[in-house]
Every structure is written in structure tokens, then in C-alpha cells.
Amino acid sequence: MTGTIVNALAIVAGAFLGKIIKGGLPDKYKDIVMQAIGMAVIIIGISGALRFTGIDSKALGVDPMLMMVISLVIGGLVGEWLKIEQRLNSMAARLQSRFSGEGTFAQAFVTASLVYCVGAMAIMGSLESGLSGTHQTLFAKSILDGVTAVIFSSSLGIGVAFAAIPVFIYQGAITLSAAALKDVLTPPVIESMSSIGGVLIMGIGISLLDIKRIKIGNLLPSIFLPLIYELIRRML
């Protein structure tokens, strides 16, 4: 768990540093930083979403594009039924009550959590930690996440720091169950999960730019559909 612990601490440290920087920034600078982050997040999402183009459909067992569409639709329906977005906002509101003035707490929490959790580095690094006890990938991810946390927190607020919680739970769960998951989390499955995650990150960027509010929380189950599909395919 060393790599995951370091990763979580790097996010917290970066977020608090960003919070300090935020206090000295005039509103006009915060606005332009927010716009820059929104555009950057969209590009990150697009680049991640395009991972499906490199997936071998035979290895995956289904057309990668079809997998993405079906996963997003089914995942969205499940998320809407479970009211994930509402629950996340409620949890964020409870945390926000302890940090007066942080009006973007929920947005910061959800945005940072997705950006830090859905990439291939999170999955591969966690598997590496669990299977071999080496943490180089997660250490490298920690540096990237720490720097990103400074930028996010300087514009979105301290809610970014709490993204360390889902990162710790998500990566920790993969690390602890690495032996059982290593045969199921094949490269095509990981790429499919990352591709769907890229679509969700792109949706975050759209929300950040106030183009359209998208219920990203309700789409979260989509990310795990390729894994569930692979488990069912192997059982059959």
C-alpha cells in the first residue's frame, strides 16, 4: 500500500498548497485559471477517450466503440437509479459545512477524484504494487497528481484534498486484490476502462466551462462495465 499512501498524501499536500496560493489571487486570475483548467481537462478527456482506437476487438470480445457506448448507457441508468450524483453532493455538502466559503467544494471533489482515479496509471500502478511490491508507477503518478492538485485547488478550492479518500480506497482495493484481478484486468479491459473514463473527464471539462452541466457522478458505474463484462465472458 506504500505507493497508494504516498499518492494520497501528495494530493492532500498539493491541495493545501494550492489553497494558500488561491488566497492571494484576484478573482480575474482565478477565472482565467478556471477556464484554462476546463479546456485542459477536455483535452485530457479526449486523449483518454481515444484509447479505444488501439484496442484489439478480438481480444476484448466486442467492438471497442460499442463497448464504450453500451457501458455509458447502462452505467448512466444504474447511476441514475442509485442516485450517485445526489449522494456525492450530499456528502460534499456535509464536508463543505466545515469549510465555509468553499462554494465549489462538490465540483472540486468530483473533478479531482475522477481525474486521479480513471487513468491507466492508477490501475497498472496499483497492480504493480500488489503483485511485485514495487511502487515506481504510483510514485510517478504521485508527482503528477500533487502538481495537478496545486493547480486544481488554487481555482476550485480545498475540496480537491478530499479526492485523496476515493484515490486511497480505489487504488488500495486494486492493490489488495491484485492477485485475483491480474488475469481479468487484461490490457484491452484496462484500455476500455480508461477510454470510458476519458469520456467522463471530457464531461467534467464541459461542466467546468459552464457549457452544460453533466451528471458525471451518475455515469461512474460505466467505468466498471468492461471489467464486469470480462468476468461474465470468462464464466460463460
# chains A, B, ... in the order shown; residues from 1 in each chain; ligands from 1

call {"tool": "closest_atom_pairs", "arguments": {"of": "range 118-165 of chain A", "to": "range 171-195 of chain A", "cutoff": "9 Å", "atoms": "only C-alpha atoms", "output": "tab-separated table"}}
result
residue	atom	partner	partner_atom	distance
A:Val118	CA	A:Ser194	CA	5.9
A:Gly119	CA	A:Ser194	CA	5.4
A:Ala120	CA	A:Ser194	CA	5.8
A:Ala122	CA	A:Gln171	CA	6.4
A:Ile123	CA	A:Gln171	CA	7.0
A:Met124	CA	A:Ile190	CA	8.3
A:Gly125	CA	A:Gln171	CA	8.3
A:Ser126	CA	A:Thr175	CA	4.8
A:Leu127	CA	A:Ala178	CA	5.3
A:Glu128	CA	A:Thr175	CA	7.7
A:Ser129	CA	A:Thr175	CA	6.1
A:Gly130	CA	A:Thr175	CA	4.4
A:Leu131	CA	A:Ala178	CA	6.1

call {"tool": "write_last_selection", "arguments": {"atoms": "N, CA, C and O atoms", "output": "PDB file, in the first residue's frame"}}
result
ATOM      1  N   VAL A 118      -9.300   7.445 -12.829  1.00  0.00           N
ATOM      2  CA  VAL A 118      -9.701   6.671 -14.003  1.00  0.00           C
ATOM      3  C   VAL A 118      -8.571   6.348 -14.977  1.00  0.00           C
ATOM      4  O   VAL A 118      -8.773   5.575 -15.904  1.00  0.00           O
ATOM      5  N   GLY A 119      -7.398   6.880 -14.792  1.00  0.00           N
ATOM      6  CA  GLY A 119      -6.316   6.641 -15.734  1.00  0.00           C
ATOM      7  C   GLY A 119      -5.713   5.250 -15.618  1.00  0.00           C
ATOM      8  O   GLY A 119      -5.863   4.556 -14.616  1.00  0.00           O
ATOM      9  N   ALA A 120      -5.015   4.848 -16.670  1.00  0.00           N
ATOM     10  CA  ALA A 120      -4.355   3.541 -16.679  1.00  0.00           C
ATOM     11  C   ALA A 120      -3.269   3.452 -15.611  1.00  0.00           C
ATOM     12  O   ALA A 120      -3.005   2.370 -15.069  1.00  0.00           O
ATOM     13  N   ALA A 122      -3.325   4.550 -12.614  1.00  0.00           N
ATOM     14  CA  ALA A 122      -3.920   4.185 -11.328  1.00  0.00           C
ATOM     15  C   ALA A 122      -4.104   2.671 -11.241  1.00  0.00           C
ATOM     16  O   ALA A 122      -3.807   2.055 -10.200  1.00  0.00           O
ATOM     17  N   ILE A 123      -4.589   2.074 -12.329  1.00  0.00           N
ATOM     18  CA  ILE A 123      -4.841   0.629 -12.333  1.00  0.00           C
ATOM     19  C   ILE A 123      -3.536  -0.154 -12.402  1.00  0.00           C
ATOM     20  O   ILE A 123      -3.282  -1.043 -11.581  1.00  0.00           O
ATOM     21  N   MET A 124      -2.693   0.175 -13.370  1.00  0.00           N
ATOM     22  CA  MET A 124      -1.449  -0.564 -13.553  1.00  0.00           C
ATOM     23  C   MET A 124      -0.513  -0.382 -12.361  1.00  0.00           C
ATOM     24  O   MET A 124       0.151  -1.327 -11.918  1.00  0.00           O
ATOM     25  N   GLY A 125      -0.439   0.845 -11.842  1.00  0.00           N
ATOM     26  CA  GLY A 125       0.419   1.103 -10.693  1.00  0.00           C
ATOM     27  C   GLY A 125      -0.026   0.332  -9.469  1.00  0.00           C
ATOM     28  O   GLY A 125       0.800  -0.204  -8.721  1.00  0.00           O
ATOM     29  N   SER A 126      -1.333   0.250  -9.263  1.00  0.00           N
ATOM     30  CA  SER A 126      -1.864  -0.487  -8.118  1.00  0.00           C
ATOM     31  C   SER A 126      -1.613  -1.984  -8.262  1.00  0.00           C
ATOM     32  O   SER A 126      -1.280  -2.669  -7.283  1.00  0.00           O
ATOM     33  N   LEU A 127      -1.784  -2.500  -9.474  1.00  0.00           N
ATOM     34  CA  LEU A 127      -1.483  -3.914  -9.718  1.00  0.00           C
ATOM     35  C   LEU A 127      -0.003  -4.204  -9.488  1.00  0.00           C
ATOM     36  O   LEU A 127       0.361  -5.228  -8.888  1.00  0.00           O
ATOM     37  N   GLU A 128       0.852  -3.298  -9.960  1.00  0.00           N
ATOM     38  CA  GLU A 128       2.292  -3.440  -9.775  1.00  0.00           C
ATOM     39  C   GLU A 128       2.647  -3.487  -8.291  1.00  0.00           C
ATOM     40  O   GLU A 128       3.438  -4.329  -7.854  1.00  0.00           O
ATOM     41  N   SER A 129       2.048  -2.613  -7.507  1.00  0.00           N
ATOM     42  CA  SER A 129       2.308  -2.583  -6.070  1.00  0.00           C
ATOM     43  C   SER A 129       1.870  -3.875  -5.394  1.00  0.00           C
ATOM     44  O   SER A 129       2.576  -4.418  -4.540  1.00  0.00           O
ATOM     45  N   GLY A 130       0.692  -4.356  -5.783  1.00  0.00           N
ATOM     46  CA  GLY A 130       0.164  -5.553  -5.145  1.00  0.00           C
ATOM     47  C   GLY A 130       0.869  -6.828  -5.545  1.00  0.00           C
ATOM     48  O   GLY A 130       1.040  -7.736  -4.726  1.00  0.00           O
ATOM     49  N   LEU A 131       1.306  -6.914  -6.809  1.00  0.00           N
ATOM     50  CA  LEU A 131       1.894  -8.158  -7.316  1.00  0.00           C
ATOM     51  C   LEU A 131       3.393  -8.263  -7.078  1.00  0.00           C
ATOM     52  O   LEU A 131       3.914  -9.338  -6.793  1.00  0.00           O
TER      53      LEU A 131
END

call {"tool": "residues_around", "arguments": {"residues": "range 35-41 of chain A", "least_positions_apart": "4", "cutoff": "10 Å", "atoms": "only C-alpha atoms", "output": "VMD selection string"}}
result
chain A and resid 29 to 31 45 to 47 111 115 148 151 to 152 155 to 156 198 201 to 210

call {"tool": "atom_distance", "arguments": {"atom1": "CA of Gly217 in chain A", "atom2": "CA of Ile169 in chain A"}}
result
16.7 Å

call {"tool": "select_by_dssp", "arguments": {"residues": "range 20-124 of chain A", "states": "alpha helix (DSSP H)", "output": "number ranges by chain"}}
result
A: 20-23, 27-49, 57-60, 64-82, 84-96, 105-117, 120-124

call {"tool": "closest_residue", "arguments": {"among": "A:Ile228, A:Ala161, A:Met68, A:Ala140", "to": "Ala112 in chain A", "atoms": "only C-alpha atoms"}}
result
A:Ala161

call {"tool": "atom_distance", "arguments": {"atom1": "CA of Lys22 in chain A", "atom2": "CA of Gly146 in chain A"}}
result
15.7 Å

call {"tool": "closest_residue", "arguments": {"among": "A:Ile44, A:Ile21, A:Leu77, A:Met34", "to": "Ile158 in chain A", "atoms": "only C-alpha atoms"}}
result
A:Ile21

call {"tool": "atom_distance", "arguments": {"atom1": "CA of Pro221 in chain A", "atom2": "CA of Ser132 in chain A"}}
result
28.7 Å

call {"tool": "closest_residue", "arguments": {"among": "A:Met235, A:Met121, A:Leu220, A:Val33", "to": "Leu200 in chain A", "atoms": "only C-alpha atoms"}}
result
A:Leu220

call {"tool": "residues_around", "arguments": {"residues": "Leu82 in chain A", "least_positions_apart": "3", "cutoff": "8 Å", "atoms": "only C-alpha atoms", "output": "list in words"}}
result
Val78, Gly79 and Asn218 of chain A

call {"tool": "write_last_selection", "arguments": {"atoms": "N, CA, C and O atoms", "output": "PDB file, in the first residue's frame"}}
result
ATOM      1  N   VAL A  78     -27.829   2.904 -14.343  1.00  0.00           N
ATOM      2  CA  VAL A  78     -27.579   2.372 -12.993  1.00  0.00           C
ATOM      3  C   VAL A  78     -27.263   3.514 -12.024  1.00  0.00           C
ATOM      4  O   VAL A  78     -27.786   3.557 -10.906  1.00  0.00           O
ATOM      5  N   GLY A  79     -26.410   4.445 -12.468  1.00  0.00           N
ATOM      6  CA  GLY A  79     -26.044   5.570 -11.623  1.00  0.00           C
ATOM      7  C   GLY A  79     -27.225   6.460 -11.290  1.00  0.00           C
ATOM      8  O   GLY A  79     -27.348   6.954 -10.162  1.00  0.00           O
ATOM      9  N   ASN A 218     -23.421  10.145 -11.812  1.00  0.00           N
ATOM     10  CA  ASN A 218     -24.332   9.068 -12.208  1.00  0.00           C
ATOM     11  C   ASN A 218     -23.769   8.213 -13.335  1.00  0.00           C
ATOM     12  O   ASN A 218     -24.308   7.138 -13.630  1.00  0.00           O
TER      13      ASN A 218
END

call {"tool": "closest_residue", "arguments": {"among": "A:Ile223, A:Ser57, A:Thr104, A:Tyr116", "to": "Val73 in chain A", "atoms": "only C-alpha atoms"}}
result
A:Ile223

call {"tool": "residues_around", "arguments": {"residues": "range 3-12 of chain A", "least_positions_apart": "3", "cutoff": "8 Å", "atoms": "only C-alpha atoms", "output": "ChimeraX atom specification"}}
result
/A:15-16,126,129,135-136,138-139,141-143,145-146,149,160-165,167-168,171-172

call {"tool": "residues_around", "arguments": {"residues": "Ile232 in chain A", "least_positions_apart": "5", "cutoff": "12 Å", "atoms": "only C-alpha atoms", "output": "compact mmCIF listing (two decimals) with C-alpha atoms, in the first residue's frame"}}
result
# COMPACT_ATOMS: atom_id res chain seq x y z
CA GLY A 61 -14.53 -9.86 -27.43
CA VAL A 184 -9.19 -10.26 -15.56
CA LEU A 225 -18.75 -2.29 -17.11
CA PRO A 226 -15.79 -3.62 -19.18
CA LEU A 227 -14.48 -5.40 -16.07

call {"tool": "closest_residue", "arguments": {"among": "A:Ser154, A:Tyr170, A:Val110, A:Ile216", "to": "Lys19 in chain A", "atoms": "only C-alpha atoms"}}
result
A:Ser154
